[in-house]
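K.L.:
Handing over my_file-v5.csv, CSV, C-alpha atoms.
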chain,number,residue,atom,x,y,z
X,1,LEU,CA,22.4,-8.3,-36.3
X,2,ALA,CA,20.2,-7.3,-39.2
X,3,ARG,CA,22.8,-8.4,-41.7
X,4,VAL,CA,22.8,-12.0,-40.4
X,5,PHE,CA,19.2,-12.6,-41.5
X,6,GLU,CA,17.1,-11.7,-44.4
X,7,VAL,CA,14.3,-9.6,-43.1
X,8,GLY,CA,11.7,-11.5,-45.2
X,9,SER,CA,12.6,-14.7,-43.4
X,10,LEU,CA,12.1,-13.4,-39.9
X,11,THR,CA,9.0,-13.8,-37.8
X,12,PRO,CA,7.4,-10.6,-36.6
X,13,LEU,CA,8.6,-11.5,-33.1
X,14,VAL,CA,12.2,-11.8,-34.0
X,15,THR,CA,12.0,-8.8,-36.2
X,16,ALA,CA,10.7,-6.7,-33.4
X,17,ALA,CA,13.4,-7.9,-31.1
X,18,LEU,CA,16.1,-7.0,-33.6
X,19,VAL,CA,14.6,-3.6,-34.2
X,20,LEU,CA,14.5,-2.9,-30.4
X,21,ALA,CA,18.1,-4.1,-30.0
X,22,ARG,CA,19.3,-1.9,-32.8
X,23,GLN,CA,17.5,1.1,-31.2
X,24,ALA,CA,19.1,0.3,-27.8
X,25,LEU,CA,22.5,0.2,-29.4
X,26,ALA,CA,21.9,3.5,-31.2
X,27,ALA,CA,20.7,5.2,-28.0
X,28,CYS,CA,23.6,3.9,-26.0
X,29,PRO,CA,26.0,6.8,-25.1
X,30,ALA,CA,29.7,6.0,-25.0
X,31,SER,CA,29.9,7.4,-21.4
X,32,SER,CA,27.5,4.7,-20.2
X,33,PRO,CA,28.9,1.3,-21.4
X,34,ILE,CA,26.7,-0.6,-19.0
X,35,ARG,CA,23.7,0.3,-21.1
X,36,CYS,CA,25.3,-1.5,-24.0
X,37,SER,CA,26.0,-4.7,-22.1
X,38,GLY,CA,24.7,-8.0,-23.2
X,39,GLU,CA,22.5,-8.2,-20.1
X,40,HIS,CA,20.9,-4.9,-21.0
X,41,LEU,CA,20.2,-6.0,-24.5
X,42,LEU,CA,18.9,-9.3,-23.4
X,43,LEU,CA,16.4,-7.5,-21.1
X,44,GLN,CA,15.3,-5.3,-24.1
X,45,HIS,CA,14.9,-8.4,-26.2
X,46,ARG,CA,12.7,-10.1,-23.5
X,47,GLN,CA,10.5,-7.1,-23.2
X,48,ALA,CA,10.0,-7.0,-27.0
X,49,ALA,CA,9.4,-10.7,-27.1
X,50,THR,CA,6.7,-10.5,-24.4
X,51,SER,CA,5.0,-7.6,-26.0
X,52,PHE,CA,4.9,-8.9,-29.5
X,53,ARG,CA,4.1,-12.5,-28.5
X,54,LEU,CA,0.9,-11.2,-26.8
X,55,GLU,CA,0.1,-9.1,-29.8
X,56,GLU,CA,0.6,-12.1,-32.2
X,57,LEU,CA,-1.6,-14.3,-30.1
X,58,GLY,CA,-4.2,-11.6,-29.4
X,59,GLY,CA,-3.3,-11.5,-25.7
X,60,ASP,CA,-3.4,-14.5,-23.3
X,61,ASP,CA,-6.2,-15.2,-20.9
X,62,GLN,CA,-4.3,-14.1,-17.8
X,63,GLN,CA,-3.4,-10.7,-19.3
X,64,SER,CA,-6.8,-10.1,-20.9
X,65,SER,CA,-8.6,-10.7,-17.6
X,66,ARG,CA,-6.6,-8.1,-15.7
X,67,ARG,CA,-8.7,-5.1,-14.6
X,68,MET,CA,-7.7,-1.6,-13.7
X,69,TYR,CA,-8.4,-0.6,-10.1
X,70,VAL,CA,-8.9,2.7,-8.3
X,71,GLY,CA,-8.5,3.3,-4.6
X,72,ARG,CA,-10.8,5.2,-2.3
X,73,ASN,CA,-11.5,5.6,1.5
X,74,LEU,CA,-12.7,2.4,3.1
X,75,VAL,CA,-16.4,1.8,2.5
X,76,GLU,CA,-18.9,1.2,5.2
X,77,ASP,CA,-20.4,-1.9,3.7
X,78,GLU,CA,-17.6,-4.1,2.4
X,79,GLY,CA,-19.8,-7.1,1.6
X,80,ASP,CA,-18.7,-10.6,2.4
X,81,GLY,CA,-15.1,-11.8,2.3
X,82,VAL,CA,-14.2,-14.2,-0.5
X,83,GLY,CA,-10.5,-14.6,0.4
X,84,GLU,CA,-7.5,-13.1,2.1
X,85,ARG,CA,-3.8,-12.8,1.4
X,86,PHE,CA,-1.0,-11.6,3.8
X,87,GLN,CA,2.4,-10.1,3.1
X,88,VAL,CA,1.5,-9.3,-0.5
X,89,THR,CA,1.9,-6.2,-2.6
X,90,LEU,CA,-1.0,-4.1,-3.9
X,91,ASP,CA,-0.4,-5.6,-7.4
X,92,GLU,CA,-0.5,-9.1,-6.0
X,93,CYS,CA,-3.8,-8.3,-4.3
X,94,LYS,CA,-5.2,-7.0,-7.6
X,95,ALA,CA,-4.1,-10.2,-9.3
X,96,ALA,CA,-5.8,-12.2,-6.5
X,97,CYS,CA,-9.1,-10.4,-7.1
X,98,ASP,CA,-8.8,-10.9,-10.8
X,99,SER,CA,-8.3,-14.7,-10.3
X,100,THR,CA,-11.2,-15.0,-7.8
X,101,PRO,CA,-14.5,-14.9,-9.7
X,102,PRO,CA,-16.7,-13.6,-6.8
X,103,CYS,CA,-14.3,-10.7,-6.1
X,104,GLN,CA,-15.8,-7.3,-7.0
X,105,SER,CA,-13.6,-5.2,-4.7
X,106,PHE,CA,-11.0,-5.5,-2.0
X,107,SER,CA,-9.4,-3.7,0.9
X,108,TYR,CA,-5.7,-3.4,1.2
X,109,GLY,CA,-3.5,-2.2,4.0
X,110,SER,CA,-0.2,-0.7,2.8
X,111,PHE,CA,1.4,-1.0,6.3
X,112,SER,CA,0.3,-4.5,7.2
X,113,MET,CA,0.5,-5.7,3.5
X,114,SER,CA,-2.8,-7.5,4.0
X,115,CYS,CA,-5.4,-8.1,1.3
X,116,HIS,CA,-9.0,-8.8,1.9
X,117,LEU,CA,-11.1,-9.8,-1.1
X,118,LYS,CA,-14.8,-8.8,-1.1
X,119,ASP,CA,-17.9,-9.6,-3.2
X,120,LYS,CA,-19.3,-6.0,-2.9
X,121,GLU,CA,-19.6,-3.9,-6.1
X,122,VAL,CA,-18.2,-0.5,-5.1
X,123,THR,CA,-18.2,3.0,-6.6
X,124,MET,CA,-16.9,6.3,-5.6
X,125,GLN,CA,-20.4,7.2,-4.3
X,126,THR,CA,-20.6,4.2,-1.9
X,127,LEU,CA,-20.9,5.4,1.7
X,128,PRO,CA,-17.5,5.5,3.5
X,129,LYS,CA,-16.7,4.3,7.0
X,130,HIS,CA,-16.5,7.0,9.6
X,131,PRO,CA,-12.8,8.0,9.9
X,132,ARG,CA,-12.7,6.8,13.5
X,133,ASP,CA,-13.7,3.3,12.4
X,134,TRP,CA,-10.8,2.4,10.0
X,135,ASP,CA,-7.1,2.4,10.0
X,136,TRP,CA,-5.2,5.0,8.0
X,137,HIS,CA,-3.4,2.5,5.7
X,138,PHE,CA,-6.5,0.6,4.5
X,139,LYS,CA,-8.3,1.6,1.3
X,140,THR,CA,-11.0,0.0,-0.7
X,141,TYR,CA,-10.1,-0.8,-4.3
X,142,PHE,CA,-12.6,-1.6,-7.1
X,143,PRO,CA,-12.3,-2.2,-10.9
X,144,VAL,CA,-13.1,0.4,-13.4
X,145,ASP,CA,-13.1,0.5,-17.2
X,146,ALA,CA,-10.0,1.9,-18.9
X,147,SER,CA,-12.2,4.6,-20.5
X,148,ASP,CA,-13.6,5.8,-17.2
X,149,THR,CA,-12.5,9.2,-15.8
X,150,VAL,CA,-10.8,8.1,-12.6
X,151,PRO,CA,-10.9,10.7,-9.7
X,152,PRO,CA,-7.9,11.1,-7.5
X,153,THR,CA,-7.4,8.6,-4.7
X,154,ILE,CA,-8.7,10.0,-1.4
X,155,ASP,CA,-6.3,9.9,1.5
X,156,PRO,CA,-6.8,10.4,5.2
X,157,PRO,CA,-5.5,14.0,6.0
X,158,ILE,CA,-3.2,13.1,8.9
X,159,ARG,CA,0.5,12.2,8.5
X,160,PRO,CA,3.1,12.2,11.3
X,161,GLY,CA,5.9,14.7,11.3
X,162,ASN,CA,6.1,18.5,11.3
X,163,ASN,CA,2.4,19.2,10.8
X,164,SER,CA,2.2,21.2,14.0
X,165,GLU,CA,3.5,24.7,13.7
X,166,THR,CA,4.3,24.8,17.4
X,167,VAL,CA,5.7,21.6,18.9
X,168,HIS,CA,4.9,21.1,22.5
X,169,GLU,CA,7.0,18.4,24.1
X,170,HIS,CA,5.1,16.1,26.5
X,171,HIS,CA,6.1,13.6,29.1
X,172,TYR,CA,4.4,10.3,28.4
X,173,VAL,CA,3.1,7.8,31.0
X,174,GLU,CA,3.0,4.0,30.3
X,175,ARG,CA,-0.1,2.0,31.1
X,176,THR,CA,-1.7,-1.3,30.1
X,177,LEU,CA,-3.0,-1.4,26.5
X,178,VAL,CA,-6.3,0.4,26.6
X,179,ALA,CA,-9.5,-1.2,25.3
X,180,ASP,CA,-10.7,1.8,23.3
X,181,GLU,CA,-7.6,3.2,21.4
X,182,GLY,CA,-9.6,5.5,19.2
X,183,ARG,CA,-8.7,6.0,15.5
X,184,GLU,CA,-5.3,4.9,14.3
X,185,ILE,CA,-3.9,7.8,12.3
X,186,TYR,CA,-0.5,6.4,11.4
X,187,ALA,CA,2.0,3.6,12.3
X,188,MET,CA,5.7,3.1,12.0
X,189,SER,CA,8.1,0.2,12.5
X,190,GLY,CA,11.8,0.2,13.4
X,191,VAL,CA,11.5,3.1,15.8
X,192,THR,CA,12.4,3.6,19.4
X,193,LEU,CA,10.0,4.7,22.2
X,194,PHE,CA,11.7,8.1,22.3
X,195,GLU,CA,11.2,8.5,18.5
X,196,CYS,CA,7.6,7.6,18.9
X,197,GLU,CA,7.1,10.2,21.6
X,198,GLU,CA,8.7,12.9,19.4
X,199,LEU,CA,6.5,12.0,16.4
X,200,CYS,CA,3.3,12.1,18.5
X,201,ASP,CA,4.3,15.5,19.7
X,202,ARG,CA,4.6,16.7,16.1
X,203,THR,CA,1.3,15.3,14.9
X,204,LEU,CA,-1.7,17.4,15.8
X,205,ALA,CA,-4.3,14.6,16.0
X,206,CYS,CA,-2.0,12.3,18.1
X,207,HIS,CA,-3.1,12.1,21.7
X,208,SER,CA,-1.8,8.7,22.7
X,209,PHE,CA,0.0,5.8,21.1
X,210,ALA,CA,0.6,2.1,21.4
X,211,TYR,CA,4.2,0.8,21.4
X,212,SER,CA,5.8,-2.6,21.3
X,213,VAL,CA,9.4,-3.0,22.4
X,214,VAL,CA,9.6,-6.5,20.7
X,215,GLN,CA,8.3,-5.3,17.3
X,216,LYS,CA,9.8,-1.7,17.6
X,217,SER,CA,6.5,-0.6,16.2
X,218,CYS,CA,4.4,2.5,17.1
X,219,TYR,CA,0.7,3.1,16.4
X,220,PHE,CA,-0.5,6.7,16.8
X,221,LYS,CA,-4.0,7.2,18.1
X,222,ASP,CA,-6.5,10.1,18.4
X,223,ALA,CA,-8.0,9.0,21.7
X,224,GLU,CA,-7.4,11.0,24.9
X,225,VAL,CA,-6.7,8.2,27.2
X,226,THR,CA,-6.6,8.2,31.0
X,227,LEU,CA,-5.1,5.8,33.6
X,228,ALA,CA,-8.7,4.9,34.6
X,229,ASP,CA,-9.8,3.8,31.2
X,230,ALA,CA,-10.6,0.1,30.8
X,231,ALA,CA,-7.7,-2.2,29.6
X,232,ARG,CA,-7.9,-4.5,26.7
X,233,VAL,CA,-8.5,-8.1,27.7
X,234,PRO,CA,-6.6,-10.0,26.7
X,235,ALA,CA,-3.7,-7.7,25.9
X,236,TYR,CA,-1.8,-8.0,22.6
X,237,LEU,CA,1.8,-9.1,22.7
X,238,ASP,CA,3.9,-6.6,24.7
X,239,PHE,CA,2.0,-3.5,23.6
X,240,LYS,CA,1.5,-0.7,26.1
X,241,THR,CA,-0.5,2.5,25.7
X,242,TYR,CA,1.3,5.7,26.3
X,243,ILE,CA,-0.6,8.8,27.3
X,244,LYS,CA,0.4,12.4,27.7
X,245,ARG,CA,1.0,13.5,31.3
X,246,THR,CA,-1.3,16.4,32.3
What is this file in structure tokens?

P.N.:
Amino acid sequence: LARVFEVGSLTPLVTAALVLARQALAACPASSPIRCSGEHLLLQHRQAATSFRLEELGGDDQQSSRRMYVGRNLVEDEGDGVGERFQVTLDECKAACDSTPPCQSFSYGSFSMSCHLKDKEVTMQTLPKHPRDWDWHFKTYFPVDASDTVPPTIDPPIRPGNNSETVHEHHYVERTLVADEGREIYAMSGVTLFECEELCDRTLACHSFAYSVVQKSCYFKDAEVTLADAARVPAYLDFKTYIKRT
């Protein structure tokens, strides 16, 4: 490729693409011909083109406005909502906050894939919600400077599975969806009722759960529910609460 053009006649963008393509060919082992395919080299070229185009132009407005975010436990005071997105990724939620001027933070649920933009300026020192008052998969995210020392993301301590040394199998009783379900400690989709019972048995903090046959989804709760507890009115879909038989 380099022989076709005189280096002096190439723009920095084309030169960069040729250099990257030459590096890709040199790094391509004979045992992996797929890495030498035209498709692979085209991808490398596009990556180089994007990188050097931004460098030549000094970065575009969309890229330069992107902020770096850090996640933490959900804050007590989230401020006012300035927008919502559903069925989006975390990166899409970040981009939505960047493109919404009043947005100073947002809460994102990894299980529900829901994004809630907020006008509240948040730090790691902002008072968190009580663990009972927020769902395990929601976190608050806020922008930080690239030069800041970012502490590790704080996660709720409970995860379903083998976190109980001794597994006690229980029989579960179905009842109407209870009004006070307690704290949601985890949720899963694509599971059967039997699998949900097994996972609750293996999760120390799980005392009850809500299950939907239609959705095949299971929501683990820390509330010790009885048959006499008030039911949720109105109920939600076909969800039922399952409690351990004493």

K.L.:
Which residues are near stretch 182-189 of chain X? Cut-off 6 Å, only C-alpha atoms, ignore same chain within fewer than 4 positions. Put them as a compact mmCIF listing (two decimals) with C-alpha atoms, keeping the file's coordinate frame.

P.N.:
# COMPACT_ATOMS: atom_id res chain seq x y z
CA ARG X 132 -12.70 6.80 13.50
CA ASP X 135 -7.10 2.40 10.00
CA TRP X 136 -5.20 5.00 8.00
CA LYS X 216 9.80 -1.70 17.60
CA SER X 217 6.50 -0.60 16.20
CA CYS X 218 4.40 2.50 17.10
CA TYR X 219 0.70 3.10 16.40
CA PHE X 220 -0.50 6.70 16.80
CA LYS X 221 -4.00 7.20 18.10
CA ASP X 222 -6.50 10.10 18.40
CA ALA X 223 -8.00 9.00 21.70

K.L.:
Quick one: everything within 7 Å of X:Glu78, counting all atoms listed in the file, minus sequence neighbours fewer than 2 positions away in the same chain. Send it as a list in words.

P.N.:
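In the requested form, the answer reads Val75, Glu76, Asp80, Lys118 and Lys120 of chain X.
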
K.L.:
Print the selection's residues with C-alpha atoms to a file, as a PDB file, in the frame of the given file.

P.N.:
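Result file part_39.pdb:
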ATOM      1  CA  VAL X  75     -16.400   1.800   2.500  1.00  0.00           C
ATOM      2  CA  GLU X  76     -18.900   1.200   5.200  1.00  0.00           C
ATOM      3  CA  ASP X  80     -18.700 -10.600   2.400  1.00  0.00           C
ATOM      4  CA  LYS X 118     -14.800  -8.800  -1.100  1.00  0.00           C
ATOM      5  CA  LYS X 120     -19.300  -6.000  -2.900  1.00  0.00           C
TER       6      LYS X 120
END

K.L.:
Using atom CA of X:Cys206 and atom CA of X:Gly190 as the two end points, give the distance in Å to one decimal.

P.N.:
18.9 Å

K.L.:
Which one of X:Ser110, X:Thr226, X:Asn73, X:Gln87 sits closest to X:Ala179 if you count all atoms listed in the file?

P.N.:
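Looking only at the distances to X:Ala179, the closest residue turns out to be X:Thr226.
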